[in-house]
Each structure stands twice: as structure tokens, then as C-alpha cells.
$ cat run_23.csv   # CSV, C-alpha atoms
chain,number,residue,atom,x,y,z
L,1068,MET,CA,0.0,0.0,0.0
L,1069,LYS,CA,1.3,3.4,-1.0
L,1070,LYS,CA,2.2,5.6,2.0
L,1071,LYS,CA,0.2,8.7,2.5
L,1072,THR,CA,2.1,12.0,2.0
L,1073,ILE,CA,1.4,14.8,4.5
L,1074,LEU,CA,2.5,18.4,3.7
L,1075,VAL,CA,3.0,20.2,7.0
L,1076,LEU,CA,2.9,24.0,6.5
L,1077,GLY,CA,4.9,25.5,9.3
L,1078,GLY,CA,6.2,22.1,10.3
L,1079,GLY,CA,9.4,23.6,11.8
L,1080,GLY,CA,7.5,25.4,14.5
L,1081,TYR,CA,6.9,24.6,18.2
L,1082,VAL,CA,4.0,22.2,17.6
L,1083,GLY,CA,5.1,21.3,14.0
L,1084,CYS,CA,8.4,19.7,14.8
L,1085,ASN,CA,6.7,17.6,17.5
L,1086,LEU,CA,3.9,16.6,15.2
L,1087,VAL,CA,6.3,15.7,12.3
L,1088,ARG,CA,8.2,13.3,14.5
L,1089,LYS,CA,4.9,11.5,15.5
L,1090,LEU,CA,3.8,11.4,11.8
L,1091,LEU,CA,7.1,9.7,10.8
L,1092,LYS,CA,6.7,7.1,13.6
L,1093,LYS,CA,3.3,6.4,12.1
L,1094,ASN,CA,5.1,5.7,8.8
L,1095,TYR,CA,3.7,8.7,6.8
L,1096,GLN,CA,5.8,10.4,4.2
L,1097,VAL,CA,6.2,14.0,5.4
L,1098,ILE,CA,7.1,17.2,3.6
L,1099,VAL,CA,7.9,20.1,6.0
L,1100,TYR,CA,7.4,23.5,4.3
L,1101,ASP,CA,8.8,26.2,6.6
L,1102,LEU,CA,11.0,29.3,6.7
L,1103,PHE,CA,12.8,27.9,9.7
L,1104,LEU,CA,13.2,31.3,11.2
L,1105,TYR,CA,13.3,30.2,14.8
L,1106,LYS,CA,15.6,27.2,14.6
L,1107,LYS,CA,17.3,26.1,11.4
L,1108,ASN,CA,18.6,22.7,12.6
L,1109,VAL,CA,15.4,21.4,14.3
L,1110,PHE,CA,15.5,18.2,12.3
L,1111,THR,CA,19.2,17.3,12.3
L,1112,ASP,CA,18.5,14.0,14.0
L,1113,LEU,CA,16.2,13.0,11.2
L,1114,LEU,CA,18.1,14.0,8.1
L,1115,ASP,CA,18.7,10.3,7.1
L,1116,ASP,CA,14.9,9.5,7.3
L,1117,GLU,CA,13.8,8.7,3.8
L,1118,ASN,CA,10.2,9.6,4.6
L,1119,LEU,CA,11.1,13.2,5.5
L,1120,LYS,CA,11.6,16.0,3.0
L,1121,LEU,CA,12.5,19.5,4.3
L,1122,VAL,CA,11.7,22.6,2.2
L,1123,LYS,CA,12.6,26.1,3.1
L,1124,GLY,CA,9.8,28.2,1.8
L,1125,ASP,CA,7.3,31.0,2.4
L,1126,ILE,CA,3.6,30.1,2.3
L,1127,ARG,CA,3.1,33.2,0.2
L,1128,ASP,CA,5.2,31.7,-2.5
L,1129,LEU,CA,2.5,29.7,-4.1
L,1130,ASN,CA,4.5,28.8,-7.2
L,1131,LYS,CA,7.1,27.1,-5.1
L,1132,LEU,CA,4.5,25.5,-2.9
L,1133,GLU,CA,2.7,24.2,-5.9
L,1134,THR,CA,5.6,21.9,-6.8
L,1135,PHE,CA,5.0,19.8,-3.7
L,1136,LEU,CA,1.2,19.4,-4.1
L,1137,GLU,CA,1.2,16.9,-6.9
L,1138,ASN,CA,1.7,13.8,-4.7
L,1139,THR,CA,0.4,15.3,-1.4
L,1140,ASP,CA,-2.6,13.5,0.2
L,1141,ILE,CA,-3.1,15.6,3.3
L,1142,ILE,CA,-2.2,19.2,4.2
L,1143,ILE,CA,-1.9,20.4,7.8
L,1144,HIS,CA,-1.7,24.1,7.9
L,1145,LEU,CA,0.1,25.4,11.0
L,1146,ALA,CA,2.0,28.3,9.4
L,1147,CYS,CA,1.3,31.8,10.6
L,1148,ILE,CA,2.7,34.7,12.6
L,1149,SER,CA,1.4,33.3,15.9
L,1150,ASN,CA,0.1,35.2,18.9
L,1151,ASP,CA,-1.1,38.8,19.2
L,1152,PRO,CA,2.2,40.5,20.1
L,1153,SER,CA,4.1,39.1,17.1
L,1154,TYR,CA,1.2,39.9,14.8
L,1155,GLU,CA,1.0,43.5,16.0
L,1156,LEU,CA,4.7,44.2,15.3
L,1157,ASN,CA,3.5,44.8,11.7
L,1158,PRO,CA,-0.2,44.2,11.2
L,1159,ASN,CA,0.1,44.5,7.4
L,1160,LEU,CA,2.7,41.7,7.4
L,1161,GLY,CA,0.5,39.7,9.8
L,1162,LYS,CA,-2.5,40.0,7.5
L,1163,ASP,CA,-0.4,39.1,4.4
L,1164,ILE,CA,0.9,35.9,6.0
L,1165,ASN,CA,-2.1,34.9,8.1
L,1166,PHE,CA,-4.9,35.8,5.8
L,1167,ASP,CA,-4.3,37.3,2.3
L,1168,CYS,CA,-2.5,34.2,1.0
L,1169,PHE,CA,-5.0,31.7,2.5
L,1170,PRO,CA,-7.8,31.9,-0.1
L,1171,LYS,CA,-5.2,31.8,-2.8
L,1172,LEU,CA,-3.8,28.6,-1.3
L,1173,VAL,CA,-7.2,27.0,-1.0
L,1174,ASN,CA,-7.9,27.8,-4.6
L,1175,LYS,CA,-4.6,26.5,-5.7
L,1176,ILE,CA,-4.9,23.1,-4.1
L,1177,LYS,CA,-8.2,22.4,-5.8
L,1178,LYS,CA,-6.2,21.6,-8.9
L,1179,PHE,CA,-4.6,18.6,-7.1
L,1180,ASN,CA,-5.9,15.4,-5.6
L,1181,ILE,CA,-5.7,16.6,-2.0
L,1182,LYS,CA,-7.9,14.4,0.2
L,1183,GLN,CA,-7.8,16.3,3.5
L,1184,PHE,CA,-7.0,19.8,4.7
L,1185,ILE,CA,-6.6,20.5,8.5
L,1186,TYR,CA,-6.3,24.1,9.6
L,1187,ALA,CA,-4.9,25.2,12.9
L,1188,SER,CA,-7.1,28.1,14.1
L,1189,SER,CA,-7.1,29.3,17.7
L,1190,SER,CA,-9.4,29.2,20.7
L,1191,SER,CA,-8.8,33.0,20.9
L,1192,VAL,CA,-11.5,33.4,18.2
L,1193,TYR,CA,-14.1,33.1,21.0
L,1194,GLY,CA,-13.0,36.4,22.5
L,1195,VAL,CA,-14.1,36.9,26.1
L,1196,LYS,CA,-16.8,34.5,27.2
L,1197,GLU,CA,-18.8,34.4,30.5
L,1198,GLU,CA,-20.1,30.9,29.9
L,1199,ASP,CA,-18.8,28.2,32.2
L,1200,SER,CA,-17.8,26.1,29.2
L,1201,VAL,CA,-17.0,27.5,25.7
L,1202,THR,CA,-18.2,25.0,23.1
L,1203,GLU,CA,-17.9,25.2,19.3
L,1204,ASP,CA,-21.5,26.2,18.7
L,1205,LEU,CA,-21.1,29.5,20.7
L,1206,LYS,CA,-20.7,32.6,18.6
L,1207,ALA,CA,-17.0,33.5,17.9
L,1208,GLU,CA,-16.3,37.1,18.8
L,1209,PRO,CA,-12.6,37.7,18.2
L,1210,ILE,CA,-11.2,40.9,19.7
L,1211,THR,CA,-7.8,41.1,17.9
L,1212,ASP,CA,-6.8,41.2,14.3
L,1213,TYR,CA,-4.9,37.9,14.8
L,1214,SER,CA,-8.0,36.1,15.9
L,1215,LYS,CA,-10.3,37.8,13.5
L,1216,PHE,CA,-8.3,36.6,10.5
L,1217,LYS,CA,-8.1,33.1,12.0
L,1218,LEU,CA,-11.9,33.1,12.0
L,1219,GLU,CA,-12.1,34.4,8.5
L,1220,CYS,CA,-9.8,31.6,7.3
L,1221,GLU,CA,-12.1,29.1,9.0
L,1222,GLY,CA,-15.0,30.5,7.0
L,1223,ILE,CA,-13.1,30.4,3.7
L,1224,LEU,CA,-12.2,26.8,4.2
L,1225,LEU,CA,-15.5,25.5,5.4
L,1226,ASN,CA,-17.4,27.3,2.7
L,1227,GLU,CA,-15.2,25.9,0.0
L,1228,SER,CA,-17.1,23.5,-2.3
L,1229,ALA,CA,-14.0,21.4,-3.2
L,1230,LYS,CA,-14.3,17.7,-2.5
L,1231,PHE,CA,-11.4,17.3,0.0
L,1232,ASN,CA,-12.2,16.8,3.7
L,1233,LYS,CA,-11.9,20.0,5.8
L,1234,THR,CA,-11.3,20.2,9.5
L,1235,ILE,CA,-10.7,23.2,11.8
L,1236,ILE,CA,-8.8,22.8,15.0
L,1237,ARG,CA,-9.0,25.5,17.7
L,1238,PRO,CA,-6.2,24.7,20.1
L,1239,ALA,CA,-5.8,25.7,23.7
L,1240,THR,CA,-2.5,27.2,24.7
L,1241,VAL,CA,0.2,24.5,24.2
L,1242,CYS,CA,2.9,23.8,26.8
L,1243,GLY,CA,5.8,21.5,27.4
L,1244,TYR,CA,9.1,20.6,25.7
L,1245,SER,CA,9.7,20.8,22.0
L,1246,GLU,CA,12.8,20.6,19.8
L,1247,ARG,CA,11.8,24.1,18.6
L,1248,GLN,CA,11.1,25.4,22.1
L,1249,ARG,CA,8.9,28.3,22.9
L,1250,LEU,CA,9.2,30.0,26.3
L,1251,ASP,CA,6.7,32.8,25.7
L,1252,VAL,CA,3.5,30.9,26.6
L,1253,ILE,CA,2.1,30.9,30.1
L,1254,VAL,CA,3.1,27.5,31.6
L,1255,ASN,CA,6.5,27.6,29.9
L,1256,ILE,CA,7.1,31.2,31.1
L,1257,LEU,CA,6.2,30.3,34.7
L,1258,THR,CA,8.4,27.2,34.7
L,1259,ASN,CA,11.4,28.9,33.1
L,1260,HIS,CA,11.3,31.7,35.8
L,1261,ALA,CA,10.7,29.3,38.6
L,1262,TYR,CA,13.6,27.0,37.7
L,1263,PHE,CA,16.2,29.6,37.0
L,1264,ASN,CA,15.1,32.7,38.9
L,1265,LYS,CA,13.3,31.0,41.8
L,1266,LYS,CA,10.3,33.2,41.3
L,1267,ILE,CA,6.8,32.6,40.0
L,1268,ILE,CA,5.3,35.9,39.2
L,1269,ILE,CA,1.5,35.9,38.6
L,1270,HIS,CA,-0.7,38.8,37.6
L,1271,GLY,CA,-4.1,38.4,39.2
L,1272,GLY,CA,-4.5,34.7,39.3
L,1273,ASP,CA,-8.2,33.9,39.1
L,1274,GLN,CA,-8.2,34.0,35.3
L,1275,LEU,CA,-9.0,30.7,33.8
L,1276,ARG,CA,-6.7,29.5,31.0
L,1277,PRO,CA,-7.1,26.3,28.9
L,1278,ASN,CA,-3.8,24.5,28.2
L,1279,ILE,CA,-2.7,21.3,26.5
L,1280,HIS,CA,0.4,19.2,26.6
L,1281,ILE,CA,2.3,19.4,23.3
L,1282,ASP,CA,2.2,15.7,22.7
L,1283,ASP,CA,-1.6,15.6,23.0
L,1284,MET,CA,-1.8,18.6,20.7
L,1285,SER,CA,0.1,16.6,18.0
L,1286,GLU,CA,-2.0,13.5,18.7
L,1287,SER,CA,-5.2,15.4,18.0
L,1288,TYR,CA,-4.1,16.0,14.4
L,1289,ILE,CA,-3.2,12.4,14.0
L,1290,GLU,CA,-6.7,11.3,15.2
L,1291,VAL,CA,-8.3,13.8,12.8
L,1292,ILE,CA,-6.3,12.2,10.0
L,1293,LYS,CA,-7.4,8.7,11.1
L,1294,ASN,CA,-11.0,9.8,11.2
L,1295,ALA,CA,-11.2,11.9,8.1
L,1296,GLU,CA,-14.8,11.3,7.2
L,1297,ALA,CA,-16.1,11.9,10.8
L,1298,SER,CA,-14.0,15.0,11.0
L,1299,ASN,CA,-15.1,16.5,7.7
L,1300,ASN,CA,-16.5,20.0,7.9
L,1301,GLU,CA,-16.1,20.0,11.7
L,1302,ILE,CA,-14.6,22.5,14.1
L,1303,PHE,CA,-13.0,21.0,17.2
L,1304,ASN,CA,-11.8,22.7,20.3
L,1305,VAL,CA,-8.6,20.9,21.5
L,1306,GLY,CA,-7.6,21.4,25.1
L,1307,ASP,CA,-7.3,19.5,28.3
L,1308,GLU,CA,-7.2,21.3,31.6
L,1309,ASN,CA,-8.9,24.6,32.3
L,1310,HIS,CA,-7.0,25.9,35.3
L,1311,SER,CA,-6.7,29.3,36.9
L,1312,VAL,CA,-3.4,31.1,36.7
L,1313,ASN,CA,-3.1,30.5,40.4
L,1314,LYS,CA,-3.5,26.8,39.9
L,1315,LEU,CA,-0.9,26.8,37.1
L,1316,ALA,CA,1.5,28.6,39.4
L,1317,GLU,CA,0.9,26.0,42.2
L,1318,MET,CA,1.6,23.2,39.7
L,1319,VAL,CA,4.9,24.8,38.7
L,1320,ASN,CA,5.7,25.3,42.3
L,1321,SER,CA,5.3,21.6,43.0
L,1322,SER,CA,8.0,20.9,40.4
L,1323,CYS,CA,10.2,23.8,41.5
L,1324,PRO,CA,9.7,24.0,45.2
L,1325,ASP,CA,12.5,26.5,45.8
L,1326,ALA,CA,10.6,29.1,43.8
L,1327,LYS,CA,8.8,31.9,45.6
L,1328,LEU,CA,5.2,32.8,44.5
L,1329,ILE,CA,4.8,36.5,43.9
L,1330,LYS,CA,1.4,38.1,43.1
L,1331,GLU,CA,1.1,41.3,41.2
L,1332,LYS,CA,-1.8,43.3,39.7
L,1333,VAL,CA,-3.8,41.9,36.8
L,1334,VAL,CA,-2.3,42.7,33.4
L,1335,ASP,CA,-4.2,40.4,31.1
L,1336,GLN,CA,-7.8,39.9,32.3
L,1337,ARG,CA,-8.8,37.3,29.7
L,1338,SER,CA,-10.6,34.4,31.3
L,1339,TYR,CA,-12.3,31.5,29.5
L,1340,LYS,CA,-12.9,27.8,29.8
L,1341,ILE,CA,-13.1,25.8,26.6
L,1342,SER,CA,-14.9,22.4,26.3
L,1343,SER,CA,-13.2,19.7,24.3
L,1344,ASP,CA,-16.0,17.2,24.6
L,1345,LYS,CA,-17.0,17.4,21.0
L,1346,ILE,CA,-13.7,15.9,19.6
L,1347,PHE,CA,-14.0,13.1,22.1
L,1348,ASN,CA,-17.7,12.4,21.3
L,1349,LYS,CA,-17.1,12.6,17.5
L,1350,ILE,CA,-13.8,10.8,17.0
L,1351,GLY,CA,-12.8,9.5,20.4
L,1352,PHE,CA,-9.8,11.8,21.0
L,1353,LYS,CA,-8.9,12.3,24.7
L,1354,THR,CA,-5.7,13.7,26.2
L,1355,LYS,CA,-3.3,11.4,27.9
L,1356,LYS,CA,-0.9,13.8,29.5
L,1357,THR,CA,-1.2,16.5,32.0
L,1358,ILE,CA,0.0,20.0,32.5
L,1359,SER,CA,2.2,18.7,35.3
L,1360,ASP,CA,3.7,16.3,32.8
L,1361,ALA,CA,4.6,19.3,30.6
L,1362,ILE,CA,6.1,21.2,33.5
L,1363,ASN,CA,8.2,18.2,34.5
L,1364,ASP,CA,9.4,17.7,30.9
L,1365,LEU,CA,10.6,21.3,30.8
L,1366,VAL,CA,12.4,20.9,34.2
L,1367,ASN,CA,14.1,17.8,32.9
L,1368,ALA,CA,15.2,19.7,29.8
L,1369,PHE,CA,16.6,22.4,32.0
L,1370,GLU,CA,18.4,20.0,34.3
L,1371,THR,CA,20.0,18.0,31.4
L,1372,LYS,CA,20.9,21.3,29.7
L,1373,THR,CA,18.9,20.3,26.7
L,1374,LEU,CA,17.6,23.8,26.9
L,1375,ILE,CA,20.2,26.5,27.7
L,1376,ASN,CA,20.4,30.3,27.7
L,1377,THR,CA,16.7,30.4,28.2
L,1378,PHE,CA,16.5,34.1,28.7
L,1379,ASP,CA,19.2,35.2,26.3
L,1380,ASP,CA,18.5,33.0,23.3
L,1381,ASP,CA,16.0,34.9,21.1
L,1382,GLY,CA,15.0,31.7,19.4
L,1383,TYR,CA,12.7,30.8,22.2
L,1384,TYR,CA,10.7,34.0,21.8
L,1385,ASN,CA,8.5,34.5,18.7
L,1386,ILE,CA,8.3,38.2,18.9
L,1387,LYS,CA,12.1,38.7,19.1
L,1388,ILE,CA,12.7,36.5,16.0
L,1389,ILE,CA,9.9,38.2,14.0
L,1390,LYS,CA,11.3,41.6,14.9
L,1391,GLN,CA,14.8,40.5,13.7
L,1392,ASN,CA,13.4,39.3,10.4
L,1393,LEU,CA,10.8,42.0,9.7
L,1394,LYS,CA,12.8,43.5,6.8
L,1395,SER,CA,13.3,40.2,5.0
L,1396,LEU,CA,9.7,39.1,5.6
L,1397,LEU,CA,8.4,42.4,4.2
L,1398,ASN,CA,10.5,42.2,1.1
L,1399,ASP,CA,9.4,38.6,0.3
$ encode --input "run_23.csv" --output "C-alpha cells"
Amino acid sequence: MKKKTILVLGGGGYVGCNLVRKLLKKNYQVIVYDLFLYKKNVFTDLLDDENLKLVKGDIRDLNKLETFLENTDIIIHLACISNDPSYELNPNLGKDINFDCFPKLVNKIKKFNIKQFIYASSSSVYGVKEEDSVTEDLKAEPITDYSKFKLECEGILLNESAKFNKTIIRPATVCGYSERQRLDVIVNILTNHAYFNKKIIIHGGDQLRPNIHIDDMSESYIEVIKNAEASNNEIFNVGDENHSVNKLAEMVNSSCPDAKLIKEKVVDQRSYKISSDKIFNKIGFKTKKTISDAINDLVNAFETKTLINTFDDDGYYNIKIIKQNLKSLLND
């Protein structure tokens, strides 16, 4: 039987490089299409894998991207300028990458025999919700351009009449260790400061934040692939634990007992609790790891010096790398 080929757009990113490794273990052929801005050598341990092809490319370069669509069965679209601060460095660039090229891409792939398209949106499309549990049928009310364009891309994909299967994933905040590490998301931030600075600084603390272990995040894409028909034209929240910032800090403190908890005034008042019941009820996906597992994975990476210079290496921080590469990205 011919192996399925999966094109992972943004496969060199935080989630992408974790997902790619899992796809290879499942014996898929994988094409990673990425600019590799954050870490160029993220796949050095896999260069001899005949099922992996690495392509340095910009998703706005549709002519280059088209050359890899002929034999592709499945597309997983992770590529974007992620999170609001990075997007807001240059909103025109953010719109160009996150939105303007998306309908062109969808139109382009209609010429090929693509069987499934999975798009990584964001749970931020809900905006601020007062409901106890935010489900996919609630009205999306994005409050930033980043999340507004995520929602618009969702609509473009789901309204497309092409025959390939289409699925939207709305992830919670991802945490834990990755070969392309991010240290600018809440659990990872708290753990980094707790381990090295012996401080856990929280602003407010009662705000609820949904999180998910990076391994589970990757597994959710694999389950959608395995259940293509059941996932067709569906939107899935993908999260695990909805904890308050206070609770997250306590969990970090359990793994870093020498750290001191410090409370400061609220800076970010967002508070929401997403429900991931639908993806379980529809295709049986359920998380297997916990946020404490993610914290412990990071602590282990610090202790073994797998992650070093965690405050000085700009590669761990999306906004710093985007800022350094603004000129080249604007010229592309």
C-alpha cells in the first residue's frame, strides 16, 4: 500500500516539529514546508529518514509550494505569525501571511488530488466569554486582528465546495518541551522563571486559561487524519485542563519547590474555559498527558541542559525573531 504523504505547512515550529516526529513514527511520508526562522537545525537528528523532506519556503510563494502538491494527500496548515504581540509588530505583514494568501492557497490546491485539509485556528476566536464552558457552537467574537483573521480563514475553508475533507482545530495554549522550544506561553514562562530565577510571578491569578500538553496537541491532528470522514466540515476545540493562573503557578511550584510565589496586579484579564467534549464524542480523542507532565518535561530539559540560555537566546521567543526578520519578511 502506498504511504500517504502529508505536507505540514509551518512544520518547523513549536508544535510542528513535535507533530512531524509523530507522523514519521506512524510511517507517513512528510514534507515540511517552513521558513525555519526560529531554529534552522530542528530536524538534524532525522536527516537520514527517507520519509522526511525539508523545504525552506514561504507560504506566500504559491509557485514554489505548488511543486509539492502533486503527490500530497493531506495538508496540515500550522503556518502563521502566531500570537497577538508578534502579529502586532507589523499588522500588514501579519495580514499578508495569516490571511491574504490563504484563499489563494485553498484555490490552488483544488487543482490537485488533496484528500484532507486540516487548519490550525485558535481558541482566541471566541474572545471573552462568560459561559462556564465554551463550546464550538457558541458565537465566535474575536477581539484582535490575529484572531479575526483566524476566524475568516475558517469560513473560507468550510465554505469551499471542493471535495477534499476539511477540519478546523481550535487549540488551547500549548505547553511542554519541543525541539523548537517556545518560552513565551504561560506554563512555559512560569516554569522557566521558577527553575532559574526561583520566582513565580503571577498577575491576578483567578483568570481561567485552557492549556494542553504538546504531545496531546500533536496526537489530536493524527486522530483527525485517522477519522477523516467523521471530521469532515467539523470545528474542534482541542484542550485539556482549564486551570486558573493561580493553579498553574501552584503546579509549577510543585515541580520547582525552591521558587517563591509573587502576586502582582492583573495585566491580562482574559478568562475563559473551553470544552473539548466534541472531539471526544465525535472521533474519540482524549488527552493522555497533564500540564504537570509538561512542566516536568521542561524541568528535565533544564536539568539536562537540553535547553540552555533560556532568557538570552532569542530563538525561544517568537516576537524577538519576527522583529529581527521583519525586513526580509516584508521584502518577500
$ residues_around --input "run_23.csv" --residues "region 1292-1306 of chain L" --least-positions-apart "3" --cutoff "10 Å" --atoms "all atoms listed in the file" --output "CSV table (one decimal) with C-alpha atoms, in the frame of the given file"
chain,number,residue,atom,x,y,z
L,1073,ILE,CA,1.4,14.8,4.5
L,1141,ILE,CA,-3.1,15.6,3.3
L,1142,ILE,CA,-2.2,19.2,4.2
L,1143,ILE,CA,-1.9,20.4,7.8
L,1182,LYS,CA,-7.9,14.4,0.2
L,1183,GLN,CA,-7.8,16.3,3.5
L,1184,PHE,CA,-7.0,19.8,4.7
L,1185,ILE,CA,-6.6,20.5,8.5
L,1186,TYR,CA,-6.3,24.1,9.6
L,1188,SER,CA,-7.1,28.1,14.1
L,1189,SER,CA,-7.1,29.3,17.7
L,1190,SER,CA,-9.4,29.2,20.7
L,1201,VAL,CA,-17.0,27.5,25.7
L,1202,THR,CA,-18.2,25.0,23.1
L,1203,GLU,CA,-17.9,25.2,19.3
L,1204,ASP,CA,-21.5,26.2,18.7
L,1221,GLU,CA,-12.1,29.1,9.0
L,1224,LEU,CA,-12.2,26.8,4.2
L,1225,LEU,CA,-15.5,25.5,5.4
L,1226,ASN,CA,-17.4,27.3,2.7
L,1227,GLU,CA,-15.2,25.9,0.0
L,1231,PHE,CA,-11.4,17.3,0.0
L,1232,ASN,CA,-12.2,16.8,3.7
L,1233,LYS,CA,-11.9,20.0,5.8
L,1234,THR,CA,-11.3,20.2,9.5
L,1235,ILE,CA,-10.7,23.2,11.8
L,1236,ILE,CA,-8.8,22.8,15.0
L,1237,ARG,CA,-9.0,25.5,17.7
L,1238,PRO,CA,-6.2,24.7,20.1
L,1239,ALA,CA,-5.8,25.7,23.7
L,1240,THR,CA,-2.5,27.2,24.7
L,1241,VAL,CA,0.2,24.5,24.2
L,1277,PRO,CA,-7.1,26.3,28.9
L,1278,ASN,CA,-3.8,24.5,28.2
L,1279,ILE,CA,-2.7,21.3,26.5
L,1280,HIS,CA,0.4,19.2,26.6
L,1283,ASP,CA,-1.6,15.6,23.0
L,1284,MET,CA,-1.8,18.6,20.7
L,1286,GLU,CA,-2.0,13.5,18.7
L,1287,SER,CA,-5.2,15.4,18.0
L,1288,TYR,CA,-4.1,16.0,14.4
L,1289,ILE,CA,-3.2,12.4,14.0
L,1309,ASN,CA,-8.9,24.6,32.3
L,1340,LYS,CA,-12.9,27.8,29.8
L,1341,ILE,CA,-13.1,25.8,26.6
L,1342,SER,CA,-14.9,22.4,26.3
L,1343,SER,CA,-13.2,19.7,24.3
L,1344,ASP,CA,-16.0,17.2,24.6
L,1345,LYS,CA,-17.0,17.4,21.0
L,1346,ILE,CA,-13.7,15.9,19.6
L,1347,PHE,CA,-14.0,13.1,22.1
L,1349,LYS,CA,-17.1,12.6,17.5
L,1350,ILE,CA,-13.8,10.8,17.0
L,1351,GLY,CA,-12.8,9.5,20.4
L,1352,PHE,CA,-9.8,11.8,21.0
L,1353,LYS,CA,-8.9,12.3,24.7
L,1354,THR,CA,-5.7,13.7,26.2
$ closest_residue --input "run_23.csv" --among "L:Ile1281, L:Leu1091, L:Ala1187, L:Leu1076" --to "Leu1136 (chain L)" --atoms "only C-alpha atoms"
L:Leu1076
$ atom_distance --input "run_23.csv" --atom1 "CA of Lys1178 (chain L)" --atom2 "CA of Thr1139 (chain L)"
11.8 Å
$ closest_residue --input "run_23.csv" --among "L:Ser1149, L:Ser1359, L:Asn1376, L:Asn1313" --to "Tyr1081 (chain L)" --atoms "only C-alpha atoms"
L:Ser1149
$ residues_around --input "run_23.csv" --residues "Tyr1100 (chain L)" --least-positions-apart "6" --cutoff "10 Å" --atoms "only C-alpha atoms" --output "number ranges by chain"
L: 1074-1079, 1120-1126, 1132, 1135, 1144, 1146
$ residues_near_point --input "run_23.csv" --point "(7.7, 13.5, 1.8)" --cutoff "6 Å" --atoms "all atoms listed in the file" --output "list in words"
Thr1072, Gln1096, Val1097, Ile1098, Asn1118, Leu1119 and Lys1120 of chain L
$ residues_around --input "run_23.csv" --residues "Gln1391 (chain L)" --least-positions-apart "3" --cutoff "12 Å" --atoms "all atoms listed in the file" --output "ChimeraX atom specification"
/L:1104-1105,1153,1156,1381-1382,1384-1388,1394-1397
$ residues_around --input "run_23.csv" --residues "Asn1255 (chain L)" --least-positions-apart "4" --cutoff "7 Å" --atoms "all atoms listed in the file" --output "PyMOL selection string"
chain L and resi 1242-1243+1250-1251+1259
$ residues_near_point --input "run_23.csv" --point "(2.8, 34.6, 0.6)" --cutoff "10 Å" --atoms "all atoms listed in the file" --output "list of chain:residue names"
L:Gly1124, L:Asp1125, L:Ile1126, L:Arg1127, L:Asp1128, L:Leu1129, L:Asn1130, L:Leu1132, L:Leu1160, L:Asp1163, L:Ile1164, L:Asn1165, L:Phe1166, L:Asp1167, L:Cys1168, L:Phe1169, L:Lys1171, L:Leu1172, L:Leu1396, L:Asp1399
$ residues_around --input "run_23.csv" --residues "Lys1215 (chain L)" --least-positions-apart "6" --cutoff "9 Å" --atoms "all atoms listed in the file" --output "PDB file with C-alpha atoms, in the coordinates of the input"
ATOM      1  CA  SER L1191      -8.800  33.000  20.900  1.00  0.00           C
ATOM      2  CA  VAL L1192     -11.500  33.400  18.200  1.00  0.00           C
ATOM      3  CA  GLU L1208     -16.300  37.100  18.800  1.00  0.00           C
ATOM      4  CA  PRO L1209     -12.600  37.700  18.200  1.00  0.00           C
TER       5      PRO L1209
END
$ atom_distance --input "run_23.csv" --atom1 "CA of Lys1266 (chain L)" --atom2 "CA of Phe1369 (chain L)"
15.6 Å
$ closest_residue --input "run_23.csv" --among "L:Leu1145, L:Leu1315, L:Ser1338, L:Lys1390" --to "Gly1194 (chain L)" --atoms "only C-alpha atoms"
L:Ser1338
$ atom_distance --input "run_23.csv" --atom1 "CA of Gly1080 (chain L)" --atom2 "CA of Ile1223 (chain L)"
23.8 Å
$ closest_residue --input "run_23.csv" --among "L:Val1319, L:Asn1348, L:His1270, L:Lys1356" --to "Glu1331 (chain L)" --atoms "all atoms listed in the file"
L:His1270
$ decode --input "run_23.csv" --residues "region 1145-1159 of chain L" --atoms "N, CA and C atoms" --output "mmCIF file, in the first residue's frame"
data_model
loop_
_atom_site.group_PDB
_atom_site.id
_atom_site.type_symbol
_atom_site.label_atom_id
_atom_site.label_comp_id
_atom_site.auth_asym_id
_atom_site.auth_seq_id
_atom_site.Cartn_x
_atom_site.Cartn_y
_atom_site.Cartn_z
ATOM 1 N N LEU L 1145 -0.233 24.799 9.712
ATOM 2 C CA LEU L 1145 0.134 25.390 11.000
ATOM 3 C C LEU L 1145 0.794 26.757 10.834
ATOM 4 N N ALA L 1146 1.144 27.114 9.609
ATOM 5 C CA ALA L 1146 1.995 28.280 9.373
ATOM 6 C C ALA L 1146 1.255 29.592 9.609
ATOM 7 N N CYS L 1147 1.849 30.450 10.410
ATOM 8 C CA CYS L 1147 1.307 31.793 10.619
ATOM 9 C C CYS L 1147 2.280 32.579 11.489
ATOM 10 N N ILE L 1148 2.040 33.872 11.577
ATOM 11 C CA ILE L 1148 2.692 34.662 12.618
ATOM 12 C C ILE L 1148 1.802 34.504 13.841
ATOM 13 N N SER L 1149 2.288 33.737 14.794
ATOM 14 C CA SER L 1149 1.416 33.331 15.903
ATOM 15 C C SER L 1149 1.498 34.285 17.079
ATOM 16 N N ASN L 1150 0.428 34.404 17.742
ATOM 17 C CA ASN L 1150 0.113 35.210 18.928
ATOM 18 C C ASN L 1150 0.026 36.704 18.614
ATOM 19 N N ASP L 1151 -0.761 37.392 19.416
ATOM 20 C CA ASP L 1151 -1.074 38.801 19.166
ATOM 21 C C ASP L 1151 0.154 39.718 19.162
ATOM 22 N N PRO L 1152 1.078 39.617 20.125
ATOM 23 C CA PRO L 1152 2.224 40.544 20.125
ATOM 24 C C PRO L 1152 3.074 40.445 18.855
ATOM 25 N N SER L 1153 3.325 39.226 18.372
ATOM 26 C CA SER L 1153 4.116 39.066 17.148
ATOM 27 C C SER L 1153 3.359 39.634 15.959
ATOM 28 N N TYR L 1154 2.060 39.384 15.914
ATOM 29 C CA TYR L 1154 1.233 39.893 14.819
ATOM 30 C C TYR L 1154 1.255 41.413 14.789
ATOM 31 N N GLU L 1155 1.168 42.018 15.963
ATOM 32 C CA GLU L 1155 1.027 43.474 16.039
ATOM 33 C C GLU L 1155 2.318 44.237 15.759
ATOM 34 N N LEU L 1156 3.442 43.526 15.642
ATOM 35 C CA LEU L 1156 4.682 44.199 15.251
ATOM 36 C C LEU L 1156 4.518 44.896 13.906
ATOM 37 N N ASN L 1157 3.803 44.223 13.005
ATOM 38 C CA ASN L 1157 3.506 44.810 11.699
ATOM 39 C C ASN L 1157 2.201 44.189 11.205
ATOM 40 N N PRO L 1158 1.073 44.826 11.508
ATOM 41 C CA PRO L 1158 -0.232 44.246 11.154
ATOM 42 C C PRO L 1158 -0.382 43.946 9.666
ATOM 43 N N ASN L 1159 0.231 44.755 8.800
ATOM 44 C CA ASN L 1159 0.122 44.494 7.366
ATOM 45 C C ASN L 1159 0.802 43.182 6.992
#
